[in-house]
>>> print(open('start-v3.txt').read())   # compact mmCIF, C-alpha atoms
# COMPACT_ATOMS: atom_id res chain seq x y z
CA PRO W 1 10.96 -27.46 6.25
CA SER W 2 11.56 -28.06 2.58
CA HIS W 3 8.64 -27.36 0.30
CA THR W 4 6.66 -30.21 -1.21
CA LYS W 5 4.15 -30.57 -4.00
CA SER W 6 0.88 -28.83 -3.41
CA SER W 7 -2.14 -30.91 -2.49
CA PHE W 8 -3.86 -29.71 -5.66
CA ASP W 9 -1.03 -30.61 -8.01
CA LEU W 10 -2.86 -33.06 -10.28
CA SER W 11 0.31 -34.59 -11.69
CA HIS W 12 0.72 -37.01 -8.77
CA GLN W 13 -2.89 -38.19 -8.47
CA THR W 14 -3.59 -41.83 -9.36
CA MET W 15 -7.33 -41.48 -9.94
CA PRO W 16 -8.72 -41.69 -13.50
CA LYS W 17 -8.67 -38.40 -15.38
CA PRO W 18 -11.94 -36.55 -14.67
CA THR W 19 -13.96 -34.63 -17.23
CA ARG W 20 -14.23 -30.85 -17.09
CA ASN W 21 -17.80 -31.03 -15.76
CA GLN W 22 -16.75 -33.49 -13.07
CA VAL W 23 -14.10 -31.05 -11.83
CA PHE W 24 -16.67 -28.25 -11.74
CA LEU W 25 -18.91 -30.50 -9.65
CA TYR W 26 -16.27 -31.68 -7.18
CA VAL W 27 -17.68 -31.49 -3.65
CA PRO W 28 -15.04 -28.99 -2.42
CA ASN W 29 -15.75 -26.81 -5.46
CA LEU W 30 -19.47 -26.90 -4.70
CA ILE W 31 -18.58 -25.78 -1.20
CA GLY W 32 -16.56 -22.96 -2.77
CA TYR W 33 -19.59 -21.78 -4.77
CA ALA W 34 -21.66 -21.88 -1.58
CA ARG W 35 -19.02 -19.85 0.28
CA PHE W 36 -19.04 -17.19 -2.42
CA SER W 37 -22.86 -16.97 -2.39
CA LEU W 38 -23.05 -16.79 1.40
CA THR W 39 -20.44 -14.04 1.50
CA VAL W 40 -22.21 -11.88 -1.08
CA PHE W 41 -25.59 -12.40 0.63
CA SER W 42 -24.14 -11.42 4.02
CA TYR W 43 -23.19 -8.01 2.55
CA LEU W 44 -26.67 -7.42 1.15
CA THR W 45 -28.73 -8.21 4.23
CA SER W 46 -29.79 -5.49 6.65
CA SER W 47 -30.14 -7.99 9.49
CA ALA W 48 -27.23 -8.12 11.93
CA ASN W 49 -27.90 -11.72 12.94
CA LEU W 50 -28.37 -12.93 9.36
CA PHE W 51 -25.10 -11.23 8.39
CA LEU W 52 -23.32 -12.96 11.27
CA VAL W 53 -24.71 -16.40 10.40
CA CYS W 54 -23.99 -16.20 6.66
CA TYR W 55 -20.52 -14.70 6.91
CA THR W 56 -19.45 -17.02 9.74
CA LEU W 57 -20.77 -20.06 7.89
CA SER W 58 -18.77 -19.04 4.82
CA PHE W 59 -15.67 -18.72 6.99
CA VAL W 60 -16.21 -22.15 8.60
CA LEU W 61 -16.71 -23.76 5.19
CA ASP W 62 -13.25 -22.49 4.27
CA ALA W 63 -11.81 -25.22 6.49
CA ILE W 64 -14.29 -27.88 5.42
CA ASP W 65 -13.59 -27.62 1.68
CA GLY W 66 -9.92 -28.48 2.21
CA ILE W 67 -10.81 -31.49 4.34
CA ALA W 68 -13.34 -32.65 1.73
CA ALA W 69 -10.79 -32.26 -1.07
CA ARG W 70 -8.25 -34.47 0.70
CA ARG W 71 -10.72 -37.08 1.97
CA LEU W 72 -12.51 -37.44 -1.38
CA ASN W 73 -9.33 -37.13 -3.45
CA GLN W 74 -10.90 -34.16 -5.24
CA CYS W 75 -8.07 -31.63 -5.05
CA SER W 76 -8.05 -29.30 -8.03
CA ARG W 77 -6.51 -26.04 -9.13
CA LEU W 78 -9.99 -24.65 -9.64
CA GLY W 79 -10.67 -25.37 -5.98
CA ALA W 80 -7.49 -23.59 -4.95
CA LEU W 81 -8.44 -20.62 -7.13
CA LEU W 82 -11.94 -20.50 -5.66
CA ASP W 83 -10.48 -20.64 -2.17
CA MET W 84 -8.10 -17.74 -2.78
CA VAL W 85 -10.67 -15.59 -4.63
CA THR W 86 -13.39 -16.12 -2.02
CA ASP W 87 -11.00 -15.38 0.83
CA ARG W 88 -9.90 -12.11 -0.75
CA ILE W 89 -13.43 -11.05 -1.71
CA SER W 90 -14.74 -11.86 1.77
CA THR W 91 -12.15 -9.75 3.56
CA MET W 92 -12.08 -6.90 1.04
CA GLY W 93 -15.87 -6.61 0.89
CA LEU W 94 -16.22 -6.50 4.66
CA VAL W 95 -13.46 -3.91 4.99
CA MET W 96 -15.17 -1.77 2.33
CA LEU W 97 -18.40 -1.89 4.35
CA LEU W 98 -16.46 -0.82 7.44
CA ALA W 99 -15.00 2.09 5.46
CA VAL W 100 -18.54 3.26 4.68
CA ARG W 101 -19.72 2.79 8.25
CA MET W 102 -16.57 4.23 9.88
CA PRO W 103 -15.27 6.85 7.42
CA HIS W 104 -13.07 8.48 10.09
CA LEU W 105 -10.87 5.36 9.84
CA MET W 106 -10.81 5.36 6.03
CA PRO W 107 -6.96 5.45 5.79
CA LEU W 108 -6.73 2.32 7.99
CA TRP W 109 -9.30 0.38 5.97
CA LEU W 110 -7.73 1.47 2.68
CA PHE W 111 -4.27 0.40 3.86
CA ALA W 112 -5.53 -2.97 5.16
CA ASN W 113 -7.38 -3.74 1.93
CA ILE W 114 -4.50 -2.83 -0.35
CA LEU W 115 -1.97 -4.74 1.77
CA ASP W 116 -4.16 -7.85 1.89
CA PHE W 117 -4.80 -7.93 -1.85
CA VAL W 118 -1.34 -6.95 -3.10
CA SER W 119 0.54 -9.25 -0.71
CA HIS W 120 -1.50 -12.33 -1.62
CA TRP W 121 -1.44 -11.58 -5.35
CA SER W 122 2.33 -11.04 -5.22
CA ARG W 123 2.78 -14.26 -3.27
CA MET W 124 0.77 -16.20 -5.84
CA TYR W 125 2.63 -14.61 -8.77
CA SER W 126 6.08 -15.27 -7.31
CA SER W 127 5.09 -18.86 -6.46
CA PHE W 128 4.12 -19.61 -10.04
CA MET W 129 7.28 -17.91 -11.32
CA LEU W 130 9.29 -20.36 -9.22
CA GLY W 131 7.34 -23.30 -10.64
CA GLU W 132 5.30 -23.92 -7.49
CA SER W 133 1.63 -24.88 -7.80
CA SER W 134 0.66 -23.31 -4.48
CA HIS W 135 1.40 -20.05 -2.68
CA LYS W 136 1.75 -22.02 0.55
CA PHE W 137 5.23 -23.35 -0.21
CA THR W 138 8.13 -22.51 2.12
CA PRO W 139 11.29 -21.29 0.35
CA LYS W 140 14.62 -21.50 2.16
CA ASN W 141 15.05 -17.73 2.46
CA GLN W 142 11.64 -17.27 4.08
CA HIS W 143 11.40 -15.67 7.53
CA TRP W 144 10.68 -18.18 10.30
CA LEU W 145 7.38 -16.47 11.12
CA LEU W 146 6.10 -16.95 7.57
CA THR W 147 7.40 -20.52 7.56
CA LEU W 148 5.42 -21.18 10.74
CA TYR W 149 2.34 -19.56 9.20
CA TYR W 150 2.44 -21.71 6.04
CA ASP W 151 3.58 -24.91 7.79
CA MET W 152 0.86 -27.44 6.98
CA ASP W 153 1.97 -29.59 9.95
CA ARG W 154 1.22 -26.72 12.34
CA ARG W 155 -2.03 -25.36 10.99
CA TRP W 156 -3.02 -24.02 14.41
CA PHE W 157 -0.92 -20.88 13.93
CA MET W 158 -2.47 -20.01 10.57
CA MET W 159 -5.88 -20.80 12.01
CA LEU W 160 -5.40 -18.44 14.98
CA CYS W 161 -4.17 -15.61 12.74
CA CYS W 162 -7.03 -16.03 10.27
CA ILE W 163 -9.67 -16.33 12.98
CA GLY W 164 -8.32 -13.24 14.76
CA ASN W 165 -8.21 -11.28 11.51
CA GLU W 166 -11.75 -12.20 10.50
CA LEU W 167 -13.19 -11.71 14.00
CA PHE W 168 -11.71 -8.21 14.07
CA TYR W 169 -13.67 -7.16 10.99
CA ILE W 170 -16.78 -9.21 11.80
CA TRP W 171 -17.07 -7.82 15.32
CA LEU W 172 -16.62 -4.20 14.27
CA TYR W 173 -19.24 -4.53 11.54
CA TYR W 174 -21.67 -6.56 13.67
CA CYS W 175 -21.48 -4.13 16.58
CA GLY W 176 -22.04 -1.28 14.13
CA PHE W 177 -25.66 -2.33 13.69
CA GLU W 178 -27.82 -0.06 15.83
CA SER W 179 -29.41 -3.00 17.60
CA LYS W 180 -26.00 -4.41 18.61
CA GLN W 181 -24.11 -1.31 19.74
CA TRP W 182 -24.84 -2.12 23.39
CA LEU W 183 -22.29 -4.94 23.15
CA TRP W 184 -19.44 -2.39 23.37
CA GLY W 185 -20.48 -1.76 26.97
CA ASN W 186 -19.80 -5.39 27.91
CA VAL W 187 -16.48 -5.75 29.77
CA LEU W 188 -15.94 -9.35 28.61
CA VAL W 189 -16.45 -8.33 24.98
CA GLN W 190 -13.89 -5.55 25.38
CA MET W 191 -11.36 -7.91 26.96
CA VAL W 192 -11.69 -10.51 24.20
CA PHE W 193 -11.62 -7.91 21.41
CA TRP W 194 -8.58 -5.96 22.63
CA GLY W 195 -6.75 -8.83 24.33
CA PHE W 196 -7.12 -11.60 21.72
CA VAL W 197 -8.73 -10.46 18.48
CA THR W 198 -6.83 -7.21 17.88
CA PRO W 199 -3.31 -8.62 18.49
CA PHE W 200 -3.89 -11.43 16.00
CA TRP W 201 -5.31 -8.95 13.49
CA ALA W 202 -2.14 -6.85 13.87
CA LEU W 203 0.01 -9.97 13.49
CA LYS W 204 -1.83 -10.86 10.28
CA GLN W 205 -1.04 -7.41 8.85
CA LEU W 206 2.63 -7.95 9.74
CA LEU W 207 2.60 -11.32 7.98
CA ASN W 208 1.00 -9.73 4.91
CA ALA W 209 3.73 -7.09 4.81
CA MET W 210 6.43 -9.75 5.21
CA GLN W 211 5.08 -11.94 2.43
CA LEU W 212 4.77 -8.89 0.17
CA HIS W 213 8.44 -8.05 0.72
CA LEU W 214 9.57 -11.66 0.27
CA SER W 215 7.50 -12.04 -2.91
CA TRP W 216 9.08 -8.98 -4.51
CA VAL W 217 12.56 -10.18 -3.49
CA SER W 218 11.79 -13.58 -5.05
CA VAL W 219 10.64 -11.98 -8.31
CA VAL W 220 13.82 -9.89 -8.56
CA ASP W 221 16.08 -12.84 -7.63
CA GLN W 222 14.37 -15.04 -10.22
CA GLU W 223 14.94 -12.42 -12.90
CA LEU W 224 18.60 -11.99 -11.95
CA SER W 225 19.15 -15.77 -11.91
CA VAL W 226 18.44 -15.98 -15.64
CA TRP W 227 20.13 -12.69 -16.54
CA LYS W 228 22.49 -13.04 -19.46
CA GLU W 229 25.61 -10.87 -19.35
CA PRO W 230 26.38 -8.98 -22.58
CA SER W 231 29.09 -10.41 -24.75
CA THR W 232 32.55 -8.98 -24.01
CA LYS W 233 34.40 -10.33 -27.06
CA ARG W 234 37.26 -8.13 -28.21
CA LEU W 235 37.41 -6.83 -31.73
CA SER W 236 40.48 -8.17 -33.57
>>> encode(input="start-v3.txt", output="structure tokens")
Amino acid sequence: PSHTKSSFDLSHQTMPKPTRNQVFLYVPNLIGYARFSLTVFSYLTSSANLFLVCYTLSFVLDAIDGIAARRLNQCSRLGALLDMVTDRISTMGLVMLLAVRMPHLMPLWLFANILDFVSHWSRMYSSFMLGESSHKFTPKNQHWLLTLYYDMDRRWFMMLCCIGNELFYIWLYYCGFESKQWLWGNVLVQMVFWGFVTPFWALKQLLNAMQLHLSWVSVVDQELSVWKEPSTKRLS
């Protein structure tokens, strides 16, 4: 599908121009502050159950803030920035905790963290270079899998990938608490983790790698499109 204006592009909104403080106090932005606080608190607690509640609630609020922004006509670029920053901090922080708890898998956690951060930052940078106000646009040269992932009319695919990715990290960290290690002996838990969660986590890493490659291609193509050839005038 052809790309359209982002939902937080303020140029098309018909509401009266808000003040700076009003934007800071938009309901979806307040939800963003709450998400950030819940995420940080979940890292600091030594309680497995409290970690699970706080981190999961932050993840669920990720869907609610977008709904609130559209329903209340309170879409903003600050909200989009908060959403992206909180998403990256949530995943990166949890992966860092896993690296401490499971140092024998340090190369895997390091690779996953770098890929997640660099791919999303590159996507955002290339989007703004092309004049887009959101990284969720769908350029014509984009692979069909990425187009499906960012298709706002088929959010179920993005939702499954994100849920699988987050559950992968949440479950490993949660079951790492001494009081919860018995869960690994549960056959149903093993089936869900290896049969559903892990494949979607792997797919999310593939999508990150694809969007990283596409972003770099877009940056180079954009530079070449405005390249000025040197003058070839002959000397008389």
>>> atom_distance(input="start-v3.txt", atom1="CA of Leu206 in chain W", atom2="CA of Ser225 in chain W")
28.3 Å
>>> residues_around(input="start-v3.txt", residues="Phe59 in chain W", least_positions_apart="5", cutoff="9 Å", atoms="all atoms listed in the file", output="PDB file with C-alpha atoms, keeping the file's coordinate frame")
ATOM      1  CA  ARG W  35     -19.020 -19.850   0.280  1.00  0.00           C
ATOM      2  CA  THR W  39     -20.440 -14.040   1.500  1.00  0.00           C
ATOM      3  CA  CYS W  54     -23.990 -16.200   6.660  1.00  0.00           C
ATOM      4  CA  ASP W  87     -11.000 -15.380   0.830  1.00  0.00           C
ATOM      5  CA  SER W  90     -14.740 -11.860   1.770  1.00  0.00           C
ATOM      6  CA  ILE W 163      -9.670 -16.330  12.980  1.00  0.00           C
ATOM      7  CA  GLU W 166     -11.750 -12.200  10.500  1.00  0.00           C
TER       8      GLU W 166
END
>>> atom_distance(input="start-v3.txt", atom1="CA of Leu212 in chain W", atom2="CA of His120 in chain W")
7.4 Å
>>> atom_distance(input="start-v3.txt", atom1="CA of Gln74 in chain W", atom2="CA of Val23 in chain W")
8.0 Å
>>> closest_residue(input="start-v3.txt", among="W:Trp216, W:Tyr26, W:Trp182, W:Tyr174", to="Asn73 in chain W", atoms="all atoms listed in the file")
W:Tyr26
>>> closest_residue(input="start-v3.txt", among="W:Asn186, W:Ser37, W:Ser46, W:Asn208", to="Ser119 in chain W", atoms="all atoms listed in the file")
W:Asn208
>>> closest_residue(input="start-v3.txt", among="W:Leu72, W:Met106, W:Met92, W:Gln142", to="Ser218 in chain W", atoms="all atoms listed in the file")
W:Gln142
>>> closest_residue(input="start-v3.txt", among="W:Trp201, W:Phe41, W:Phe177, W:Phe196", to="Leu57 in chain W", atoms="only C-alpha atoms")
W:Phe41
>>> residues_around(input="start-v3.txt", residues="Met210 in chain W", least_positions_apart="2", cutoff="12 Å", atoms="all atoms listed in the file", output="PyMOL selection string")
chain W and resi 115-116+118-120+122-123+142-147+149+203-208+212-217
